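**Q** Structure supplied as start-v7.csv; contents: CSV, C-alpha atoms.
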```csv
chain,number,residue,atom,x,y,z
A,1,MET,CA,32.0,-72.2,-184.9
A,2,LYS,CA,35.5,-70.7,-184.6
A,3,LYS,CA,36.4,-73.5,-182.2
A,4,HIS,CA,35.5,-76.1,-184.8
A,5,ASP,CA,37.5,-74.4,-187.5
A,6,GLU,CA,40.6,-74.5,-185.2
A,7,LEU,CA,40.1,-78.2,-184.6
A,8,ILE,CA,39.8,-79.0,-188.3
A,9,ASP,CA,42.9,-76.9,-189.0
A,10,ARG,CA,44.8,-78.8,-186.4
A,11,LEU,CA,43.8,-82.2,-187.8
A,12,GLN,CA,44.8,-81.2,-191.3
A,13,ARG,CA,48.2,-80.2,-190.1
A,14,HIS,CA,48.6,-83.4,-188.1
A,15,GLY,CA,51.4,-85.3,-189.7
A,16,THR,CA,51.4,-88.6,-187.8
A,17,LYS,CA,50.9,-91.6,-190.1
A,18,ALA,CA,48.5,-94.5,-189.2
A,19,PRO,CA,50.0,-97.9,-188.5
A,20,GLU,CA,50.4,-100.1,-191.6
A,21,ASP,CA,47.8,-102.7,-190.5
A,22,PHE,CA,45.3,-100.1,-189.3
A,23,GLU,CA,42.9,-100.7,-192.2
A,24,THR,CA,43.0,-104.5,-191.8
A,25,ARG,CA,42.4,-104.3,-188.1
A,26,VAL,CA,39.4,-101.9,-188.6
A,27,MET,CA,37.9,-104.2,-191.1
A,28,ASP,CA,38.5,-107.3,-189.0
A,29,SER,CA,36.7,-105.6,-186.1
A,30,LEU,CA,33.5,-105.0,-188.1
A,31,PRO,CA,30.7,-107.6,-187.7
A,32,ALA,CA,30.5,-110.1,-190.6
A,33,TRP,CA,27.1,-108.8,-191.9
A,34,ARG,CA,28.7,-105.4,-192.5
A,35,THR,CA,31.4,-106.7,-194.8
A,36,ALA,CA,29.4,-109.5,-196.7
A,37,PRO,CA,28.1,-108.6,-200.2
A,38,GLN,CA,24.5,-107.1,-200.1
A,39,PRO,CA,21.8,-109.6,-201.2
A,40,GLY,CA,19.8,-108.9,-204.4
A,41,TRP,CA,16.4,-107.4,-204.7
A,42,TRP,CA,14.6,-110.8,-204.9
A,43,CYS,CA,16.4,-112.0,-201.8
A,44,ARG,CA,15.4,-108.9,-199.9
A,45,GLN,CA,11.7,-109.1,-201.0
A,46,ARG,CA,11.4,-112.9,-200.8
A,47,PRO,CA,9.9,-113.1,-197.3
A,48,TRP,CA,6.7,-111.3,-198.3
A,49,MET,CA,6.8,-111.7,-202.1
A,50,ILE,CA,6.3,-115.5,-202.1
A,51,PRO,CA,3.0,-115.4,-200.2
A,52,ALA,CA,1.8,-112.4,-202.3
A,53,LEU,CA,2.5,-114.2,-205.6
A,54,ALA,CA,0.9,-117.4,-204.3
A,55,GLY,CA,-2.2,-115.4,-203.3
A,56,ALA,CA,-2.4,-113.7,-206.7
A,57,THR,CA,-2.0,-117.0,-208.5
A,58,ALA,CA,-4.8,-118.5,-206.4
A,59,MET,CA,-7.0,-115.5,-207.2
A,60,LEU,CA,-6.4,-115.8,-210.9
A,61,VAL,CA,-7.2,-119.5,-210.8
A,62,VAL,CA,-10.4,-118.8,-208.9
A,63,MET,CA,-11.5,-116.0,-211.4
A,64,LEU,CA,-10.8,-118.2,-214.4
A,65,GLY,CA,-12.6,-121.1,-212.8
A,66,ILE,CA,-15.7,-118.9,-212.1
A,67,ASN,CA,-15.8,-117.7,-215.7
A,68,ARG,CA,-15.5,-121.2,-216.9
A,69,VAL,CA,-18.2,-122.6,-214.7
A,70,ARG,CA,-20.9,-120.0,-215.3
A,71,PRO,CA,-20.5,-118.4,-218.7
A,72,ALA,CA,-24.3,-118.2,-219.2
A,73,ALA,CA,-24.8,-116.1,-216.1
A,74,GLU,CA,-22.3,-113.5,-217.2
A,75,ALA,CA,-23.3,-113.4,-220.9
A,76,PRO,CA,-26.3,-111.4,-222.0
A,77,ALA,CA,-29.3,-113.6,-221.2
A,78,ALA,CA,-30.9,-115.1,-224.3
A,79,ALA,CA,-34.6,-114.2,-224.7
A,80,GLN,CA,-36.9,-116.9,-223.4
A,81,LEU,CA,-39.0,-118.0,-226.4
A,82,VAL,CA,-42.6,-119.1,-226.1
A,83,THR,CA,-44.2,-121.0,-228.8
A,84,PHE,CA,-47.4,-119.3,-230.0
A,85,HIS,CA,-50.0,-120.8,-232.3
A,86,PHE,CA,-51.9,-118.6,-234.7
A,87,GLU,CA,-54.9,-119.7,-236.6
A,88,LEU,CA,-57.4,-118.2,-239.0
A,89,HIS,CA,-60.5,-119.8,-240.6
A,90,ALA,CA,-60.4,-118.6,-244.2
A,91,PRO,CA,-61.6,-121.5,-246.4
A,92,GLY,CA,-61.7,-119.6,-249.7
A,93,ALA,CA,-58.3,-117.9,-249.3
A,94,ASP,CA,-55.3,-118.6,-251.5
A,95,GLN,CA,-52.8,-117.1,-249.1
A,96,VAL,CA,-52.8,-115.9,-245.5
A,97,GLU,CA,-49.9,-113.9,-244.0
A,98,LEU,CA,-49.2,-112.9,-240.5
A,99,LEU,CA,-47.9,-109.4,-239.8
A,100,GLY,CA,-47.2,-107.8,-236.4
A,101,THR,CA,-44.9,-106.0,-234.1
A,102,PHE,CA,-42.9,-109.2,-233.8
A,103,ASN,CA,-41.8,-109.0,-237.4
A,104,ASN,CA,-41.9,-105.2,-237.9
A,105,TRP,CA,-45.1,-105.6,-240.0
A,106,LYS,CA,-43.1,-107.2,-242.8
A,107,PRO,CA,-45.2,-108.5,-245.6
A,108,GLY,CA,-44.4,-112.0,-246.7
A,109,ASP,CA,-42.3,-112.8,-243.6
A,110,ILE,CA,-44.7,-115.3,-242.1
A,111,VAL,CA,-47.0,-117.2,-244.4
A,112,LEU,CA,-49.6,-119.5,-242.7
A,113,ASN,CA,-49.9,-123.1,-243.7
A,114,GLY,CA,-53.2,-124.2,-245.1
A,115,PRO,CA,-56.0,-124.5,-245.7
A,116,ASP,CA,-56.7,-127.8,-244.0
A,117,ALA,CA,-59.8,-129.8,-244.7
A,118,SER,CA,-61.9,-127.5,-242.6
A,119,GLY,CA,-60.4,-124.3,-244.1
A,120,HIS,CA,-58.1,-123.4,-241.3
A,121,TRP,CA,-54.7,-121.7,-241.8
A,122,THR,CA,-52.1,-122.1,-239.1
A,123,ALA,CA,-48.7,-120.8,-238.1
A,124,THR,CA,-46.5,-121.5,-235.1
A,125,VAL,CA,-44.2,-118.8,-234.1
A,126,ASP,CA,-41.6,-118.6,-231.3
A,127,LEU,CA,-41.8,-115.3,-229.6
A,128,PRO,CA,-39.9,-113.7,-226.7
A,129,GLU,CA,-42.0,-112.8,-223.8
A,130,GLY,CA,-43.8,-109.5,-224.3
A,131,ARG,CA,-46.8,-107.7,-225.7
A,132,TYR,CA,-47.5,-107.9,-229.4
A,133,GLU,CA,-50.0,-106.6,-231.9
A,134,TYR,CA,-50.8,-108.5,-235.1
A,135,ILE,CA,-53.1,-108.9,-238.0
A,136,PHE,CA,-53.7,-111.4,-240.8
A,137,LEU,CA,-53.4,-110.4,-244.5
A,138,VAL,CA,-55.6,-112.5,-246.7
A,139,ASP,CA,-54.7,-112.8,-250.4
A,140,GLY,CA,-52.6,-109.7,-250.1
A,141,GLU,CA,-55.6,-107.4,-249.8
A,142,ARG,CA,-57.9,-108.1,-246.9
A,143,TRP,CA,-56.7,-107.2,-243.4
A,144,ILE,CA,-58.4,-109.4,-240.7
A,145,ALA,CA,-57.9,-109.0,-237.0
A,146,ASP,CA,-57.9,-112.4,-235.3
A,147,PRO,CA,-61.5,-113.2,-234.5
A,148,LYS,CA,-60.4,-115.4,-231.7
A,149,ALA,CA,-58.3,-112.7,-230.0
A,150,ALA,CA,-59.4,-111.7,-226.5
A,151,THR,CA,-58.1,-108.2,-227.0
A,152,LEU,CA,-58.4,-105.9,-229.9
A,153,ARG,CA,-56.8,-102.5,-230.2
A,154,PRO,CA,-57.5,-99.5,-232.6
A,155,ASP,CA,-54.6,-99.3,-235.0
A,156,GLY,CA,-54.9,-95.5,-235.6
A,157,PHE,CA,-55.7,-96.1,-239.3
A,158,GLY,CA,-59.4,-96.9,-238.8
A,159,ASN,CA,-58.9,-100.6,-238.2
A,160,VAL,CA,-58.0,-102.8,-235.2
A,161,ASN,CA,-55.2,-105.2,-234.4
A,162,ALA,CA,-55.3,-108.2,-232.2
A,163,VAL,CA,-53.2,-108.0,-229.0
A,164,ILE,CA,-51.4,-110.9,-227.3
A,165,GLN,CA,-49.4,-110.9,-224.0
A,166,VAL,CA,-46.9,-113.7,-224.4
A,167,TYR,CA,-45.4,-115.1,-221.2
A,168,ASP,CA,-44.0,-118.5,-220.2
A,169,GLU,CA,-46.2,-120.2,-217.7
A,170,ASN,CA,-43.2,-122.1,-216.4
A,171,ASN,CA,-41.6,-118.8,-215.4
A,172,ALA,CA,-44.6,-117.7,-213.3
B,173,MET,CA,4.2,-76.4,-230.3
B,174,LYS,CA,4.0,-78.9,-233.1
B,175,THR,CA,1.3,-80.9,-231.3
B,176,MET,CA,-0.7,-77.8,-230.6
B,177,LEU,CA,-0.6,-76.9,-234.3
B,178,ASN,CA,-1.7,-80.4,-235.2
B,179,ILE,CA,-4.6,-80.2,-232.8
B,180,LEU,CA,-5.6,-76.8,-234.2
B,181,LEU,CA,-5.4,-78.2,-237.8
B,182,LEU,CA,-7.5,-81.2,-236.8
B,183,GLY,CA,-10.1,-78.9,-235.2
B,184,ALA,CA,-10.2,-76.8,-238.4
B,185,VAL,CA,-10.7,-79.9,-240.6
B,186,ILE,CA,-13.6,-81.2,-238.4
B,187,THR,CA,-15.2,-77.8,-238.3
B,188,GLY,CA,-14.9,-77.5,-242.0
B,189,SER,CA,-16.4,-81.0,-242.6
B,190,ALA,CA,-19.3,-80.2,-240.3
B,191,LEU,CA,-20.0,-77.0,-242.1
B,192,ALA,CA,-19.7,-78.6,-245.5
B,193,ALA,CA,-22.0,-81.5,-244.5
B,194,PRO,CA,-25.6,-81.2,-245.6
B,195,GLY,CA,-26.9,-81.5,-242.0
B,196,GLY,CA,-29.3,-78.6,-242.3
B,197,HIS,CA,-30.7,-79.8,-245.6
B,198,GLY,CA,-31.4,-83.5,-244.7
B,199,PRO,CA,-30.0,-86.6,-246.3
B,200,ARG,CA,-29.3,-86.3,-250.1
B,201,ASN,CA,-29.8,-90.0,-250.9
B,202,TRP,CA,-31.1,-93.3,-249.4
B,203,SER,CA,-27.6,-94.2,-248.1
B,204,GLU,CA,-27.4,-91.0,-246.1
B,205,LEU,CA,-31.0,-91.5,-244.8
B,206,LYS,CA,-30.1,-95.0,-243.7
B,207,GLY,CA,-27.0,-93.6,-241.9
B,208,LYS,CA,-29.2,-91.1,-240.2
B,209,ASN,CA,-31.6,-93.8,-239.0
B,210,ALA,CA,-28.9,-96.3,-238.1
B,211,CYS,CA,-28.1,-94.4,-234.9
B,212,LEU,CA,-31.7,-94.2,-233.6
B,213,GLY,CA,-31.5,-97.5,-231.7
B,214,VAL,CA,-33.5,-99.6,-234.1
B,215,THR,CA,-32.0,-102.6,-235.8
B,216,THR,CA,-30.3,-102.3,-239.2
B,217,GLU,CA,-32.7,-104.9,-240.6
B,218,GLN,CA,-35.7,-102.7,-239.5
B,219,VAL,CA,-34.1,-99.6,-241.1
B,220,ASP,CA,-33.4,-101.4,-244.3
B,221,GLN,CA,-36.9,-102.7,-244.4
B,222,THR,CA,-38.4,-99.3,-243.8
B,223,MET,CA,-36.2,-97.7,-246.5
B,224,ASP,CA,-37.1,-100.5,-249.0
B,225,VAL,CA,-40.8,-100.1,-248.4
B,226,CYS,CA,-40.5,-96.3,-248.7
B,227,ARG,CA,-38.8,-96.7,-252.0
B,228,LEU,CA,-41.4,-99.2,-253.2
B,229,ARG,CA,-44.1,-96.8,-252.3
B,230,GLY,CA,-42.4,-94.2,-254.5
B,231,LEU,CA,-41.4,-91.9,-251.7
B,232,SER,CA,-38.5,-89.5,-252.3
B,233,VAL,CA,-35.7,-89.4,-249.8
B,234,ALA,CA,-37.0,-86.0,-248.5
B,235,ASP,CA,-40.5,-87.5,-248.1
B,236,ALA,CA,-39.2,-90.5,-246.2
B,237,ASP,CA,-37.2,-88.2,-244.0
B,238,ARG,CA,-40.2,-86.1,-243.3
B,239,LEU,CA,-42.2,-89.3,-242.5
B,240,LEU,CA,-39.6,-90.3,-240.0
B,241,ALA,CA,-39.6,-86.9,-238.2
B,242,PRO,CA,-41.6,-88.2,-235.2
B,243,VAL,CA,-38.9,-90.8,-234.7
B,244,TYR,CA,-36.2,-88.2,-234.7
B,245,ALA,CA,-38.2,-86.1,-232.3
B,246,ALA,CA,-38.6,-89.1,-230.0
B,247,LYS,CA,-34.9,-89.8,-230.1
B,248,ALA,CA,-34.0,-86.1,-229.4
B,249,GLU,CA,-36.4,-86.1,-226.4
B,250,ASN,CA,-35.2,-89.4,-225.0
B,251,LEU,CA,-38.5,-91.1,-225.6
B,252,PRO,CA,-39.1,-94.6,-226.8
B,253,VAL,CA,-38.2,-94.8,-230.5
B,254,GLY,CA,-39.0,-98.4,-231.5
B,255,CYS,CA,-42.8,-98.1,-231.0
B,256,ILE,CA,-43.0,-95.0,-233.2
B,257,TYR,CA,-40.9,-96.7,-235.9
B,258,GLU,CA,-43.2,-99.7,-235.6
B,259,LYS,CA,-46.3,-97.5,-236.2
B,260,ILE,CA,-44.7,-96.1,-239.4
B,261,ASP,CA,-43.8,-99.6,-240.6
B,262,GLU,CA,-47.3,-100.7,-239.8
B,263,GLY,CA,-48.8,-97.9,-241.8
B,264,LEU,CA,-46.5,-98.5,-244.7
B,265,ALA,CA,-47.3,-102.3,-244.7
B,266,LYS,CA,-51.0,-101.5,-244.6
B,267,GLN,CA,-50.7,-99.2,-247.6
B,268,VAL,CA,-52.1,-96.3,-245.5
B,269,GLY,CA,-51.6,-92.8,-247.0
B,270,ILE,CA,-48.5,-91.0,-245.9
B,271,THR,CA,-50.4,-88.2,-244.2
B,272,ASN,CA,-52.3,-90.6,-242.1
B,273,ILE,CA,-49.2,-92.6,-241.2
B,274,LEU,CA,-47.5,-89.3,-240.1
B,275,MET,CA,-50.6,-88.4,-238.0
B,276,ALA,CA,-50.6,-91.8,-236.3
B,277,ALA,CA,-46.9,-91.5,-235.6
B,278,GLU,CA,-47.4,-88.0,-234.2
B,279,ALA,CA,-50.3,-89.2,-232.1
B,280,ARG,CA,-48.1,-91.9,-230.6
B,281,LEU,CA,-45.3,-89.4,-230.0
B,282,ALA,CA,-47.7,-87.1,-228.2
B,283,CYS,CA,-48.8,-90.0,-225.9
B,284,MET,CA,-45.1,-90.8,-225.2
B,285,ARG,CA,-44.6,-87.1,-224.3
B,286,GLN,CA,-47.6,-87.2,-222.0
B,287,ALA,CA,-46.3,-90.4,-220.4
B,288,LYS,CA,-42.9,-88.8,-219.8
B,289,VAL,CA,-44.4,-86.0,-217.9
B,290,MET,CA,-46.5,-88.4,-215.8
B,291,VAL,CA,-43.6,-90.7,-215.1
B,292,SER,CA,-41.4,-87.8,-214.1
B,293,MET,CA,-43.9,-86.9,-211.4
B,294,ILE,CA,-43.8,-90.2,-209.7
B,295,PRO,CA,-42.7,-89.5,-206.1
B,296,GLU,CA,-39.1,-90.8,-205.3
B,297,VAL,CA,-38.7,-92.0,-208.9
B,298,GLY,CA,-38.9,-89.0,-211.1
B,299,GLU,CA,-36.8,-88.5,-214.2
B,300,GLY,CA,-33.2,-89.4,-215.1
B,301,HIS,CA,-32.9,-93.0,-214.1
B,302,GLY,CA,-31.1,-94.1,-217.3
B,303,ALA,CA,-32.7,-96.8,-219.4
B,304,GLY,CA,-34.9,-98.0,-216.5
B,305,PRO,CA,-38.0,-96.1,-217.2
B,306,ALA,CA,-38.0,-96.9,-220.9
B,307,MET,CA,-40.5,-99.8,-220.5
B,308,LEU,CA,-42.6,-97.8,-218.1
B,309,LEU,CA,-42.7,-94.9,-220.5
B,310,GLU,CA,-43.6,-97.0,-223.5
B,311,ASN,CA,-46.3,-99.0,-221.6
B,312,THR,CA,-47.8,-95.8,-220.2
B,313,GLY,CA,-47.8,-94.1,-223.6
B,314,MET,CA,-49.4,-97.1,-225.2
B,315,ALA,CA,-52.1,-97.3,-222.5
B,316,LEU,CA,-52.8,-93.6,-223.0
B,317,GLU,CA,-53.0,-94.1,-226.8
B,318,SER,CA,-55.5,-96.9,-226.2
B,319,GLY,CA,-57.7,-94.4,-224.4
B,320,LEU,CA,-57.0,-95.2,-220.7
B,321,ASP,CA,-58.0,-92.2,-218.5
B,322,PRO,CA,-54.8,-90.3,-217.6
B,323,GLU,CA,-56.3,-89.9,-214.1
B,324,VAL,CA,-56.1,-93.6,-213.5
B,325,VAL,CA,-52.5,-93.5,-214.5
B,326,THR,CA,-51.8,-90.5,-212.1
B,327,ASN,CA,-53.7,-92.2,-209.3
B,328,VAL,CA,-51.6,-95.4,-209.7
B,329,PHE,CA,-48.3,-93.5,-209.9
B,330,GLN,CA,-49.1,-91.4,-206.8
B,331,HIS,CA,-50.2,-94.5,-204.8
B,332,ASN,CA,-48.0,-95.2,-201.8
B,333,GLY,CA,-47.3,-98.8,-202.7
B,334,HIS,CA,-44.4,-100.4,-204.3
B,335,ARG,CA,-42.6,-98.0,-206.7
B,336,LYS,CA,-40.4,-100.4,-208.6
B,337,LEU,CA,-40.3,-99.2,-212.2
B,338,GLY,CA,-40.7,-102.7,-213.6
B,339,ARG,CA,-43.9,-103.4,-211.5
B,340,LEU,CA,-45.3,-100.0,-212.6
B,341,ALA,CA,-44.5,-100.8,-216.2
B,342,HIS,CA,-46.3,-104.2,-216.0
B,343,ALA,CA,-49.2,-102.5,-214.2
B,344,MET,CA,-49.5,-100.1,-217.1
B,345,GLU,CA,-49.5,-103.0,-219.6
B,346,VAL,CA,-52.3,-104.6,-217.5
B,347,ALA,CA,-54.2,-101.3,-217.4
B,348,GLU,CA,-54.2,-101.1,-221.2
B,349,THR,CA,-55.5,-104.7,-221.4
B,350,LEU,CA,-58.2,-104.1,-218.9
B,351,HIS,CA,-59.3,-100.9,-220.7
B,352,LEU,CA,-59.4,-102.6,-224.0
B,353,GLU,CA,-61.4,-105.4,-222.5
B,354,GLY,CA,-64.0,-102.9,-221.4
B,355,PHE,CA,-63.3,-102.6,-217.7
B,356,GLU,CA,-64.4,-99.4,-215.9
B,357,ASP,CA,-61.7,-96.9,-215.1
B,358,GLU,CA,-62.4,-97.1,-211.3
B,359,ASP,CA,-62.2,-100.9,-211.4
B,360,ILE,CA,-58.9,-100.7,-213.3
B,361,ARG,CA,-57.5,-98.3,-210.7
B,362,ARG,CA,-58.6,-100.6,-207.9
B,363,VAL,CA,-57.1,-103.7,-209.5
B,364,LEU,CA,-53.8,-102.0,-210.3
B,365,ILE,CA,-53.3,-100.6,-206.8
B,366,ASP,CA,-54.2,-104.0,-205.4
B,367,PHE,CA,-51.6,-105.6,-207.7
B,368,LEU,CA,-48.9,-103.1,-206.6
B,369,ASP,CA,-49.7,-103.5,-202.9
B,370,ARG,CA,-49.3,-107.3,-203.4
B,371,ASN,CA,-46.1,-106.7,-205.3
B,372,LEU,CA,-47.2,-109.1,-208.1
B,373,ASN,CA,-44.9,-109.7,-211.0
B,374,ARG,CA,-46.0,-109.7,-214.7
B,375,HIS,CA,-47.1,-113.3,-214.8
B,376,GLU,CA,-49.1,-113.1,-211.6
B,377,MET,CA,-50.8,-109.9,-212.8
B,378,PHE,CA,-51.9,-111.5,-216.0
B,379,ARG,CA,-53.0,-114.6,-214.3
B,380,ALA,CA,-55.2,-112.5,-212.0
B,381,VAL,CA,-56.5,-110.6,-215.1
B,382,GLY,CA,-57.3,-114.0,-216.7
B,383,VAL,CA,-59.4,-114.9,-213.6
B,384,LEU,CA,-61.2,-111.5,-213.9
B,385,LYS,CA,-61.9,-111.9,-217.6
B,386,ARG,CA,-63.2,-115.5,-217.2
B,387,GLY,CA,-65.5,-114.4,-214.4
B,388,LEU,CA,-66.9,-111.5,-216.4
B,389,ALA,CA,-67.3,-113.8,-219.5
B,390,LYS,CA,-69.5,-116.1,-217.3
B,391,GLY,CA,-71.8,-113.1,-216.7
B,392,LEU,CA,-70.7,-112.4,-213.2
B,393,ASP,CA,-70.4,-108.7,-212.0
B,394,PHE,CA,-67.0,-107.2,-211.2
B,395,GLU,CA,-67.5,-107.2,-207.4
B,396,THR,CA,-68.4,-110.8,-207.3
B,397,VAL,CA,-65.4,-111.9,-209.4
B,398,TYR,CA,-63.1,-109.5,-207.5
B,399,ALA,CA,-64.2,-110.9,-204.2
B,400,THR,CA,-63.0,-114.3,-205.2
B,401,LEU,CA,-59.9,-113.2,-207.1
B,402,TRP,CA,-57.2,-114.2,-204.6
B,403,ILE,CA,-58.8,-117.4,-203.7
B,404,SER,CA,-59.1,-118.3,-207.4
B,405,SER,CA,-55.6,-117.3,-208.2
B,406,ARG,CA,-54.0,-119.6,-205.7
```
How does the structure come out when it is put into structure tokens?

**A**
Amino acid sequence: MKKHDELIDRLQRHGTKAPEDFETRVMDSLPAWRTAPQPGWWCRQRPWMIPALAGATAMLVVMLGINRVRPAAEAPAAAQLVTFHFELHAPGADQVELLGTFNNWKPGDIVLNGPDASGHWTATVDLPEGRYEYIFLVDGERWIADPKAATLRPDGFGNVNAVIQVYDENNA
Amino acid sequence: MKTMLNILLLGAVITGSALAAPGGHGPRNWSELKGKNACLGVTTEQVDQTMDVCRLRGLSVADADRLLAPVYAAKAENLPVGCIYEKIDEGLAKQVGITNILMAAEARLACMRQAKVMVSMIPEVGEGHGAGPAMLLENTGMALESGLDPEVVTNVFQHNGHRKLGRLAHAMEVAETLHLEGFEDEDIRRVLIDFLDRNLNRHEMFRAVGVLKRGLAKGLDFETVYATLWISSR
């Protein structure tokens, strides 16, 4: 450590001046790349930035293309509706309504057409696939479970509802 | 420091609002009752309809709130809500007495609770699979409500066949149908296990059920129809 201190001291006291063209000669001796101005950020990153940007753009185009081509597949699937035909033979009735789990048992929501010449009342309803209970309301006072229904279910109030399983045969 | 004070102030306001709200005393008017029902998972239209019918029936807000208690219980216990709401709507539409509507809704809630216990005991399925078991829960609960023997359900759930929740849910729907059609419990169990082993989807199950029903309607016995089931279904 002491040896270094002595050397520094000697150099500080050294009075010989450098030649006048010393700086020029030193600079001339340096390779050209050390003296040229440094390139900007873009130039330095260009070798890998161009392919990276090209890849990102291609990915963006592909993603947009996919969304454009198949919006239905990504959107929530619309319920497949199946047309179901309801019918009741009630020749003397003035009005027949249809209430069920498909319309939250709402009175007046579905009124059957009729009667035809043979006393039949009919309604056609589009239903999503599923299981439904229903009943006819005749003249606003008589509850009649569909006599043609294959399955009847106790309603918990001392009566029965008709049950249907709706499914699209084409989907089977 | 200032932010901390703001947070504390906001907390105090929220706490004060919660304490001041009539949560413990139930909704004070129809609007509050609608608000309470709006977050149950049923549609606004259905809530509006139910509230309107309650009003038309002359129910007070408190009475309507009491009538909907099984729905609130179902929601709190993560049970199907829609089918209990439907039962209340059905009772209201059919002009059934409020007590009887409440009893029917409570009965359905009890079936859903029983179904939940049974579903939670399915090997390698159990509880806590998000919204997946909702259909299975509801179909099982409905089958139990129709009077299907719980032992049939347990046997099917414990069977070592396919344990896809959807398949089991459809099997329960089929089970209820067969029960309502008058099939014997043992026959129902056998049919369901066969369906699950064959990994049938809903359409295929009901197509096979149709063959069974038509056979029985012709006066044939179950064994005879069953023996030809898979030939007929092709």

**Q** Pick out the chain B residues within 10 Å of chain A. Count only C-alpha atoms. Give them as a PyMOL selection string.

**A** chain B and resi 217-218+221-222+225+254-255+257-269+272-273+275-277+279-280+311+317-319+345-346+348-354+373-379+385

**Q** Would you export the selected residues with C-alpha atoms as a tab-separated table (two decimals), in the coordinates of the input, please?

**A**
```
chain	number	residue	atom	x	y	z
B	217	GLU	CA	-32.70	-104.90	-240.60
B	218	GLN	CA	-35.70	-102.70	-239.50
B	221	GLN	CA	-36.90	-102.70	-244.40
B	222	THR	CA	-38.40	-99.30	-243.80
B	225	VAL	CA	-40.80	-100.10	-248.40
B	254	GLY	CA	-39.00	-98.40	-231.50
B	255	CYS	CA	-42.80	-98.10	-231.00
B	257	TYR	CA	-40.90	-96.70	-235.90
B	258	GLU	CA	-43.20	-99.70	-235.60
B	259	LYS	CA	-46.30	-97.50	-236.20
B	260	ILE	CA	-44.70	-96.10	-239.40
B	261	ASP	CA	-43.80	-99.60	-240.60
B	262	GLU	CA	-47.30	-100.70	-239.80
B	263	GLY	CA	-48.80	-97.90	-241.80
B	264	LEU	CA	-46.50	-98.50	-244.70
B	265	ALA	CA	-47.30	-102.30	-244.70
B	266	LYS	CA	-51.00	-101.50	-244.60
B	267	GLN	CA	-50.70	-99.20	-247.60
B	268	VAL	CA	-52.10	-96.30	-245.50
B	269	GLY	CA	-51.60	-92.80	-247.00
B	272	ASN	CA	-52.30	-90.60	-242.10
B	273	ILE	CA	-49.20	-92.60	-241.20
B	275	MET	CA	-50.60	-88.40	-238.00
B	276	ALA	CA	-50.60	-91.80	-236.30
B	277	ALA	CA	-46.90	-91.50	-235.60
B	279	ALA	CA	-50.30	-89.20	-232.10
B	280	ARG	CA	-48.10	-91.90	-230.60
B	311	ASN	CA	-46.30	-99.00	-221.60
B	317	GLU	CA	-53.00	-94.10	-226.80
B	318	SER	CA	-55.50	-96.90	-226.20
B	319	GLY	CA	-57.70	-94.40	-224.40
B	345	GLU	CA	-49.50	-103.00	-219.60
B	346	VAL	CA	-52.30	-104.60	-217.50
B	348	GLU	CA	-54.20	-101.10	-221.20
B	349	THR	CA	-55.50	-104.70	-221.40
B	350	LEU	CA	-58.20	-104.10	-218.90
B	351	HIS	CA	-59.30	-100.90	-220.70
B	352	LEU	CA	-59.40	-102.60	-224.00
B	353	GLU	CA	-61.40	-105.40	-222.50
B	354	GLY	CA	-64.00	-102.90	-221.40
B	373	ASN	CA	-44.90	-109.70	-211.00
B	374	ARG	CA	-46.00	-109.70	-214.70
B	375	HIS	CA	-47.10	-113.30	-214.80
B	376	GLU	CA	-49.10	-113.10	-211.60
B	377	MET	CA	-50.80	-109.90	-212.80
B	378	PHE	CA	-51.90	-111.50	-216.00
B	379	ARG	CA	-53.00	-114.60	-214.30
B	385	LYS	CA	-61.90	-111.90	-217.60
```

**Q** Hey, can you check how far CA of Asp116 (chain A) sits from CA of Glu87 (chain A)?

**A** 11.1 Å

**Q** Could you jot down the CA of Val214 (chain B) to CA of Ala246 (chain B) separation for me, Å, one decimal place?

**A**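 Pair CA of Val214 (chain B) / CA of Ala246 (chain B) returns 12.4 Å.
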
**Q** To one decimal place in Å, what is the distance between CA of Lys247 (chain B) and CA of Leu212 (chain B)?

**A**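 If I compute the distance from CA of Lys247 (chain B) to CA of Leu212 (chain B), I get 6.5 Å.
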
**Q** Taking 3 positions as the minimum chain separation for residues in the same chain, which residues sit within 10 Å of region 281-288 of chain B when counting all atoms listed in the file? Answer as a VMD selection string.

**A** chain B and resid 242 to 243 245 to 246 249 to 253 255 to 256 275 to 278 291 to 293 298 to 299 305 to 306 308 to 318 322 325 to 326
